[in-house]
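Structure data (compact mmCIF, N, CA and C atoms) from my_file-v6.txt:
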```txt
# COMPACT_ATOMS: atom_id res chain seq x y z
N MET F 3 7.65 3.14 3.17
CA MET F 3 8.23 3.90 2.07
C MET F 3 7.43 5.18 1.89
N ARG F 4 8.14 6.24 1.58
CA ARG F 4 7.49 7.54 1.33
C ARG F 4 6.65 7.47 0.06
N LYS F 5 5.70 8.36 -0.02
CA LYS F 5 4.89 8.51 -1.22
C LYS F 5 5.41 9.71 -2.00
N PRO F 6 5.65 9.56 -3.27
CA PRO F 6 6.11 10.70 -4.07
C PRO F 6 5.04 11.77 -4.21
N ILE F 7 5.49 12.98 -4.42
CA ILE F 7 4.61 14.08 -4.77
C ILE F 7 4.53 14.08 -6.30
N TYR F 8 3.34 14.25 -6.82
CA TYR F 8 3.15 14.21 -8.27
C TYR F 8 2.70 15.56 -8.80
N ALA F 9 3.03 15.81 -10.05
CA ALA F 9 2.62 17.06 -10.70
C ALA F 9 1.14 17.05 -11.02
N ASN F 10 0.65 15.89 -11.45
CA ASN F 10 -0.77 15.73 -11.80
C ASN F 10 -1.07 14.23 -11.90
N GLN F 11 -2.26 13.91 -12.27
CA GLN F 11 -2.68 12.50 -12.33
C GLN F 11 -1.89 11.72 -13.37
N GLU F 12 -1.61 12.33 -14.49
CA GLU F 12 -0.86 11.65 -15.54
C GLU F 12 0.56 11.31 -15.05
N HIS F 13 1.18 12.24 -14.38
CA HIS F 13 2.51 12.02 -13.81
C HIS F 13 2.44 10.89 -12.78
N LYS F 14 1.42 10.90 -11.97
CA LYS F 14 1.24 9.86 -10.94
C LYS F 14 1.14 8.47 -11.57
N VAL F 15 0.32 8.34 -12.58
CA VAL F 15 0.11 7.04 -13.23
C VAL F 15 1.42 6.54 -13.84
N LEU F 16 2.13 7.41 -14.55
CA LEU F 16 3.39 7.02 -15.18
C LEU F 16 4.43 6.58 -14.15
N ILE F 17 4.60 7.38 -13.11
CA ILE F 17 5.64 7.10 -12.12
C ILE F 17 5.29 5.87 -11.29
N GLU F 18 4.04 5.75 -10.85
CA GLU F 18 3.67 4.58 -10.05
C GLU F 18 3.83 3.29 -10.84
N ALA F 19 3.45 3.30 -12.10
CA ALA F 19 3.61 2.10 -12.92
C ALA F 19 5.09 1.76 -13.10
N TYR F 20 5.91 2.78 -13.31
CA TYR F 20 7.34 2.57 -13.49
C TYR F 20 7.98 2.03 -12.21
N ILE F 21 7.68 2.65 -11.09
CA ILE F 21 8.23 2.19 -9.81
C ILE F 21 7.81 0.75 -9.53
N THR F 22 6.56 0.44 -9.75
CA THR F 22 6.05 -0.92 -9.52
C THR F 22 6.78 -1.94 -10.38
N MET F 23 6.96 -1.62 -11.65
CA MET F 23 7.61 -2.56 -12.56
C MET F 23 9.07 -2.78 -12.16
N VAL F 24 9.79 -1.70 -11.88
CA VAL F 24 11.19 -1.84 -11.49
C VAL F 24 11.31 -2.64 -10.18
N LYS F 25 10.45 -2.35 -9.23
CA LYS F 25 10.49 -3.09 -7.96
C LYS F 25 10.23 -4.58 -8.17
N GLU F 26 9.35 -4.91 -9.09
CA GLU F 26 9.09 -6.33 -9.38
C GLU F 26 10.33 -7.00 -9.98
N PHE F 27 11.01 -6.32 -10.88
CA PHE F 27 12.25 -6.87 -11.46
C PHE F 27 13.26 -7.14 -10.35
N ILE F 28 13.45 -6.15 -9.49
CA ILE F 28 14.45 -6.25 -8.42
C ILE F 28 14.06 -7.34 -7.43
N ARG F 29 12.80 -7.40 -7.06
CA ARG F 29 12.34 -8.42 -6.11
C ARG F 29 12.59 -9.82 -6.68
N ASP F 30 12.40 -9.97 -7.98
CA ASP F 30 12.55 -11.28 -8.62
C ASP F 30 13.97 -11.83 -8.51
N VAL F 31 14.98 -10.96 -8.46
CA VAL F 31 16.36 -11.43 -8.46
C VAL F 31 17.09 -11.17 -7.14
N SER F 32 16.35 -10.79 -6.10
CA SER F 32 16.97 -10.39 -4.84
C SER F 32 16.56 -11.27 -3.67
N SER F 33 17.45 -11.31 -2.70
CA SER F 33 17.07 -11.88 -1.41
C SER F 33 16.21 -10.84 -0.70
N GLN F 34 15.56 -11.24 0.36
CA GLN F 34 14.71 -10.31 1.10
C GLN F 34 15.51 -9.14 1.67
N SER F 35 16.67 -9.42 2.21
CA SER F 35 17.47 -8.34 2.82
C SER F 35 18.00 -7.38 1.76
N ARG F 36 18.41 -7.88 0.62
CA ARG F 36 18.89 -6.99 -0.45
C ARG F 36 17.74 -6.17 -1.02
N TYR F 37 16.58 -6.77 -1.15
CA TYR F 37 15.42 -6.02 -1.64
C TYR F 37 15.06 -4.91 -0.66
N LYS F 38 15.17 -5.18 0.62
CA LYS F 38 14.89 -4.16 1.63
C LYS F 38 15.89 -3.01 1.49
N ASN F 39 17.15 -3.33 1.27
CA ASN F 39 18.16 -2.29 1.04
C ASN F 39 17.84 -1.46 -0.19
N PHE F 40 17.39 -2.12 -1.24
CA PHE F 40 17.00 -1.42 -2.46
C PHE F 40 15.87 -0.43 -2.16
N GLN F 41 14.88 -0.88 -1.41
CA GLN F 41 13.75 -0.02 -1.06
C GLN F 41 14.19 1.18 -0.21
N GLU F 42 15.17 0.97 0.65
CA GLU F 42 15.66 2.08 1.47
C GLU F 42 16.31 3.16 0.60
N VAL F 43 17.06 2.75 -0.41
CA VAL F 43 17.68 3.72 -1.30
C VAL F 43 16.60 4.40 -2.16
N LEU F 44 15.61 3.64 -2.59
CA LEU F 44 14.49 4.24 -3.33
C LEU F 44 13.81 5.30 -2.48
N ASP F 45 13.68 5.04 -1.21
CA ASP F 45 13.07 6.00 -0.29
C ASP F 45 13.88 7.31 -0.25
N VAL F 46 15.19 7.20 -0.31
CA VAL F 46 16.05 8.39 -0.34
C VAL F 46 15.80 9.19 -1.63
N ILE F 47 15.66 8.49 -2.74
CA ILE F 47 15.38 9.16 -4.01
C ILE F 47 14.03 9.87 -3.95
N ILE F 48 13.04 9.21 -3.39
CA ILE F 48 11.71 9.83 -3.27
C ILE F 48 11.78 11.05 -2.35
N GLN F 49 12.54 10.94 -1.28
CA GLN F 49 12.70 12.08 -0.38
C GLN F 49 13.35 13.26 -1.11
N TYR F 50 14.38 12.99 -1.89
CA TYR F 50 15.03 14.04 -2.68
C TYR F 50 14.04 14.67 -3.64
N HIS F 51 13.28 13.83 -4.34
CA HIS F 51 12.26 14.31 -5.27
C HIS F 51 11.24 15.21 -4.56
N ASN F 52 10.74 14.75 -3.44
CA ASN F 52 9.71 15.49 -2.71
C ASN F 52 10.23 16.83 -2.17
N ASN F 53 11.51 16.89 -1.85
CA ASN F 53 12.08 18.11 -1.28
C ASN F 53 12.71 19.03 -2.33
N TYR F 54 12.76 18.58 -3.56
CA TYR F 54 13.38 19.38 -4.62
C TYR F 54 12.61 20.69 -4.80
N GLY F 55 13.34 21.76 -4.94
CA GLY F 55 12.72 23.06 -5.15
C GLY F 55 12.63 23.90 -3.91
N LYS F 56 12.95 23.32 -2.78
CA LYS F 56 12.88 24.08 -1.53
C LYS F 56 14.10 24.98 -1.35
N SER F 57 15.16 24.68 -2.08
CA SER F 57 16.35 25.51 -2.03
C SER F 57 16.25 26.59 -3.12
N VAL F 58 16.93 27.67 -2.92
CA VAL F 58 16.89 28.79 -3.86
C VAL F 58 17.36 28.39 -5.25
N ARG F 59 18.33 27.52 -5.33
CA ARG F 59 18.93 27.15 -6.62
C ARG F 59 18.27 25.93 -7.27
N GLU F 60 17.28 25.36 -6.65
CA GLU F 60 16.59 24.18 -7.18
C GLU F 60 15.14 24.53 -7.45
N ASN F 61 14.82 24.83 -8.68
CA ASN F 61 13.42 25.15 -8.93
C ASN F 61 13.00 24.90 -10.38
N ASN F 62 13.63 24.00 -11.06
CA ASN F 62 13.27 23.71 -12.43
C ASN F 62 12.22 22.59 -12.45
N TYR F 63 11.05 22.93 -12.95
CA TYR F 63 9.92 22.01 -12.99
C TYR F 63 10.26 20.73 -13.77
N TRP F 64 10.90 20.87 -14.92
CA TRP F 64 11.19 19.71 -15.76
C TRP F 64 12.25 18.82 -15.13
N ASP F 65 13.22 19.42 -14.47
CA ASP F 65 14.19 18.61 -13.73
C ASP F 65 13.49 17.80 -12.65
N TRP F 66 12.57 18.44 -11.95
CA TRP F 66 11.83 17.78 -10.87
C TRP F 66 11.04 16.59 -11.41
N LEU F 67 10.38 16.77 -12.55
CA LEU F 67 9.61 15.66 -13.13
C LEU F 67 10.47 14.44 -13.44
N MET F 68 11.73 14.68 -13.77
CA MET F 68 12.62 13.59 -14.20
C MET F 68 13.40 12.95 -13.07
N ILE F 69 13.37 13.52 -11.87
CA ILE F 69 14.17 12.97 -10.77
C ILE F 69 13.87 11.50 -10.53
N LEU F 70 12.61 11.17 -10.37
CA LEU F 70 12.28 9.77 -10.03
C LEU F 70 12.64 8.78 -11.14
N PRO F 71 12.20 9.00 -12.38
CA PRO F 71 12.53 7.97 -13.37
C PRO F 71 14.03 7.84 -13.64
N ILE F 72 14.73 8.95 -13.73
CA ILE F 72 16.16 8.88 -14.05
C ILE F 72 16.95 8.26 -12.91
N ASN F 73 16.73 8.74 -11.70
CA ASN F 73 17.49 8.23 -10.56
C ASN F 73 17.15 6.77 -10.25
N LEU F 74 15.89 6.40 -10.38
CA LEU F 74 15.51 5.01 -10.16
C LEU F 74 16.14 4.11 -11.22
N SER F 75 16.18 4.57 -12.45
CA SER F 75 16.79 3.79 -13.52
C SER F 75 18.27 3.56 -13.26
N VAL F 76 18.98 4.61 -12.87
CA VAL F 76 20.42 4.49 -12.59
C VAL F 76 20.64 3.55 -11.40
N MET F 77 19.83 3.74 -10.35
CA MET F 77 19.98 2.89 -9.17
C MET F 77 19.70 1.42 -9.53
N ALA F 78 18.62 1.16 -10.25
CA ALA F 78 18.26 -0.21 -10.60
C ALA F 78 19.32 -0.86 -11.48
N SER F 79 19.83 -0.12 -12.45
CA SER F 79 20.86 -0.67 -13.34
C SER F 79 22.13 -0.99 -12.56
N GLY F 80 22.53 -0.11 -11.67
CA GLY F 80 23.70 -0.37 -10.83
C GLY F 80 23.50 -1.55 -9.91
N TYR F 81 22.32 -1.62 -9.33
CA TYR F 81 21.99 -2.74 -8.44
C TYR F 81 22.05 -4.06 -9.21
N LEU F 82 21.42 -4.07 -10.37
CA LEU F 82 21.40 -5.30 -11.16
C LEU F 82 22.81 -5.70 -11.60
N ALA F 83 23.62 -4.72 -11.98
CA ALA F 83 25.01 -5.03 -12.36
C ALA F 83 25.77 -5.62 -11.19
N ALA F 84 25.51 -5.13 -9.99
CA ALA F 84 26.22 -5.59 -8.81
C ALA F 84 25.85 -7.01 -8.39
N ILE F 85 24.62 -7.41 -8.65
CA ILE F 85 24.22 -8.75 -8.20
C ILE F 85 24.31 -9.81 -9.29
N GLU F 86 24.77 -9.41 -10.46
CA GLU F 86 24.88 -10.36 -11.56
C GLU F 86 25.92 -11.44 -11.26
N THR F 87 25.53 -12.68 -11.51
CA THR F 87 26.43 -13.82 -11.38
C THR F 87 26.31 -14.65 -12.66
N LYS F 88 27.13 -15.67 -12.77
CA LYS F 88 27.02 -16.55 -13.94
C LYS F 88 25.65 -17.22 -13.98
N GLY F 89 25.12 -17.55 -12.82
CA GLY F 89 23.85 -18.25 -12.75
C GLY F 89 22.63 -17.41 -13.07
N ASN F 90 22.72 -16.09 -12.86
CA ASN F 90 21.54 -15.25 -13.11
C ASN F 90 21.76 -14.21 -14.20
N ALA F 91 22.89 -14.32 -14.90
CA ALA F 91 23.29 -13.29 -15.86
C ALA F 91 22.23 -13.03 -16.93
N THR F 92 21.64 -14.05 -17.48
CA THR F 92 20.66 -13.84 -18.54
C THR F 92 19.45 -13.06 -18.05
N LEU F 93 18.92 -13.45 -16.91
CA LEU F 93 17.76 -12.77 -16.35
C LEU F 93 18.10 -11.34 -15.94
N VAL F 94 19.21 -11.16 -15.26
CA VAL F 94 19.61 -9.83 -14.79
C VAL F 94 19.86 -8.89 -15.97
N ARG F 95 20.54 -9.38 -16.98
CA ARG F 95 20.79 -8.53 -18.16
C ARG F 95 19.49 -8.19 -18.88
N SER F 96 18.58 -9.12 -18.91
CA SER F 96 17.26 -8.84 -19.51
C SER F 96 16.54 -7.74 -18.74
N TYR F 97 16.58 -7.81 -17.43
CA TYR F 97 15.95 -6.77 -16.61
C TYR F 97 16.63 -5.41 -16.81
N ARG F 98 17.95 -5.42 -16.96
CA ARG F 98 18.65 -4.15 -17.19
C ARG F 98 18.20 -3.52 -18.51
N VAL F 99 18.04 -4.33 -19.53
CA VAL F 99 17.56 -3.82 -20.82
C VAL F 99 16.13 -3.29 -20.67
N LEU F 100 15.30 -4.04 -19.98
CA LEU F 100 13.92 -3.60 -19.78
C LEU F 100 13.84 -2.29 -19.00
N VAL F 101 14.65 -2.15 -17.96
CA VAL F 101 14.66 -0.91 -17.18
C VAL F 101 15.05 0.25 -18.10
N SER F 102 16.05 0.06 -18.94
CA SER F 102 16.49 1.12 -19.86
C SER F 102 15.39 1.49 -20.85
N GLU F 103 14.72 0.50 -21.37
CA GLU F 103 13.64 0.77 -22.32
C GLU F 103 12.45 1.44 -21.64
N LEU F 104 12.11 0.97 -20.44
CA LEU F 104 10.99 1.55 -19.71
C LEU F 104 11.25 3.00 -19.33
N VAL F 105 12.45 3.30 -18.87
CA VAL F 105 12.73 4.69 -18.47
C VAL F 105 12.65 5.61 -19.68
N GLN F 106 13.10 5.15 -20.83
CA GLN F 106 13.01 5.98 -22.02
C GLN F 106 11.56 6.26 -22.38
N ASP F 107 10.72 5.24 -22.27
CA ASP F 107 9.30 5.41 -22.54
C ASP F 107 8.67 6.39 -21.56
N VAL F 108 8.98 6.25 -20.27
CA VAL F 108 8.43 7.14 -19.24
C VAL F 108 8.90 8.57 -19.47
N VAL F 109 10.18 8.75 -19.75
CA VAL F 109 10.73 10.09 -19.99
C VAL F 109 10.05 10.72 -21.21
N ASP F 110 9.89 9.96 -22.27
CA ASP F 110 9.20 10.49 -23.46
C ASP F 110 7.79 10.96 -23.13
N LYS F 111 7.09 10.19 -22.32
CA LYS F 111 5.71 10.57 -21.95
C LYS F 111 5.70 11.76 -20.99
N ILE F 112 6.64 11.80 -20.07
CA ILE F 112 6.69 12.92 -19.13
C ILE F 112 6.98 14.22 -19.87
N GLU F 113 7.82 14.17 -20.89
CA GLU F 113 8.14 15.37 -21.66
C GLU F 113 6.91 15.97 -22.33
N LYS F 114 5.88 15.18 -22.49
CA LYS F 114 4.64 15.65 -23.12
C LYS F 114 3.62 16.18 -22.12
N ILE F 115 3.91 16.04 -20.84
CA ILE F 115 2.98 16.53 -19.81
C ILE F 115 2.96 18.06 -19.84
N GLU F 116 1.78 18.58 -19.90
CA GLU F 116 1.61 20.03 -19.88
C GLU F 116 1.48 20.50 -18.43
N PRO F 117 2.17 21.57 -18.07
CA PRO F 117 2.07 22.09 -16.69
C PRO F 117 0.73 22.78 -16.46
N ILE F 118 -0.21 22.05 -15.85
CA ILE F 118 -1.53 22.60 -15.53
C ILE F 118 -1.81 22.39 -14.06
N HIS F 119 -2.73 23.14 -13.55
CA HIS F 119 -3.14 22.96 -12.16
C HIS F 119 -4.39 22.09 -12.12
N GLU F 120 -4.35 21.07 -11.27
CA GLU F 120 -5.51 20.20 -11.14
C GLU F 120 -6.26 20.51 -9.89
```

Would you mind writing the file out in structure tokens?
Amino acid sequence: MRKPIYANQEHKVLIEAYITMVKEFIRDVSSQSRYKNFQEVLDVIIQYHNNYGKSVRENNYWDWLMILPINLSVMASGYLAAIETKGNATLVRSYRVLVSELVQDVVDKIEKIEPIHE
């Protein structure tokens, strides 16, 4: 899996913790092959994040900071909705709520990051 590019140490800590938590939720309710597929799509999101700003029309710092948490949240919620069954509905729905709450917390904290050079 690719490593994300971070704005600073605070951004790194927030994003790594968020990615780790979401991956744990997904791993808990997935088969090995489905989890691998999830990781492949996450890799595409990280690639998009890392390459953002290289085009003339893509250069908003705040948009870039939000790519990983927002896109990972949408992907995880969609994934969880797709694998929900009667047997795992309670757990899957709980994880969907947690992903939504976690992304809001991460976004709130990222909005407070000051653009500084480290």

If we count all atoms listed in the file and set the cut-off at 8 Å, which residues sit around range 23-26 of chain F, ignoring sequence neighbours fewer than 4 positions away in its own chain? Please answer as a ChimeraX atom specification. /F:17-19,30-31,74,78,100-101

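Between CA of Val46 in chain F and atom N of Val109 in chain F there is a distance of 20.3 Å.
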
How would you write, as a VMD selection string, the set of residues in chain F that DSSP gives as alpha helix (DSSP H)? chain F and resid 11 to 30 34 to 53 63 to 85 91 to 112

Interatomic distance, atom N of Ile85 in chain F to atom C of Tyr50 in chain F (Å, one decimal): 25.0 Å

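Reported to one decimal place, the separation of CA of Ala83 in chain F from CA of Thr22 in chain F is 19.6 Å.
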
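With all atoms listed in the file as the atoms that count, the minimum distance from Met3 in chain F to the choices F:Gln34, F:Asp45, F:Leu70, F:Phe40 is reached by F:Asp45.
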
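Using only N, CA and C atoms, the smallest distance between any of F:Ile115, F:Leu67, F:Val108, F:Ile47 and Leu16 in chain F comes from F:Val108.
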
All residues 12 Å or closer to Ile112 in chain F, only C-alpha atoms, same chain fewer than 2 positions away omitted, as number ranges by chain: F: 8-17, 20, 63-72, 105-110, 114-117
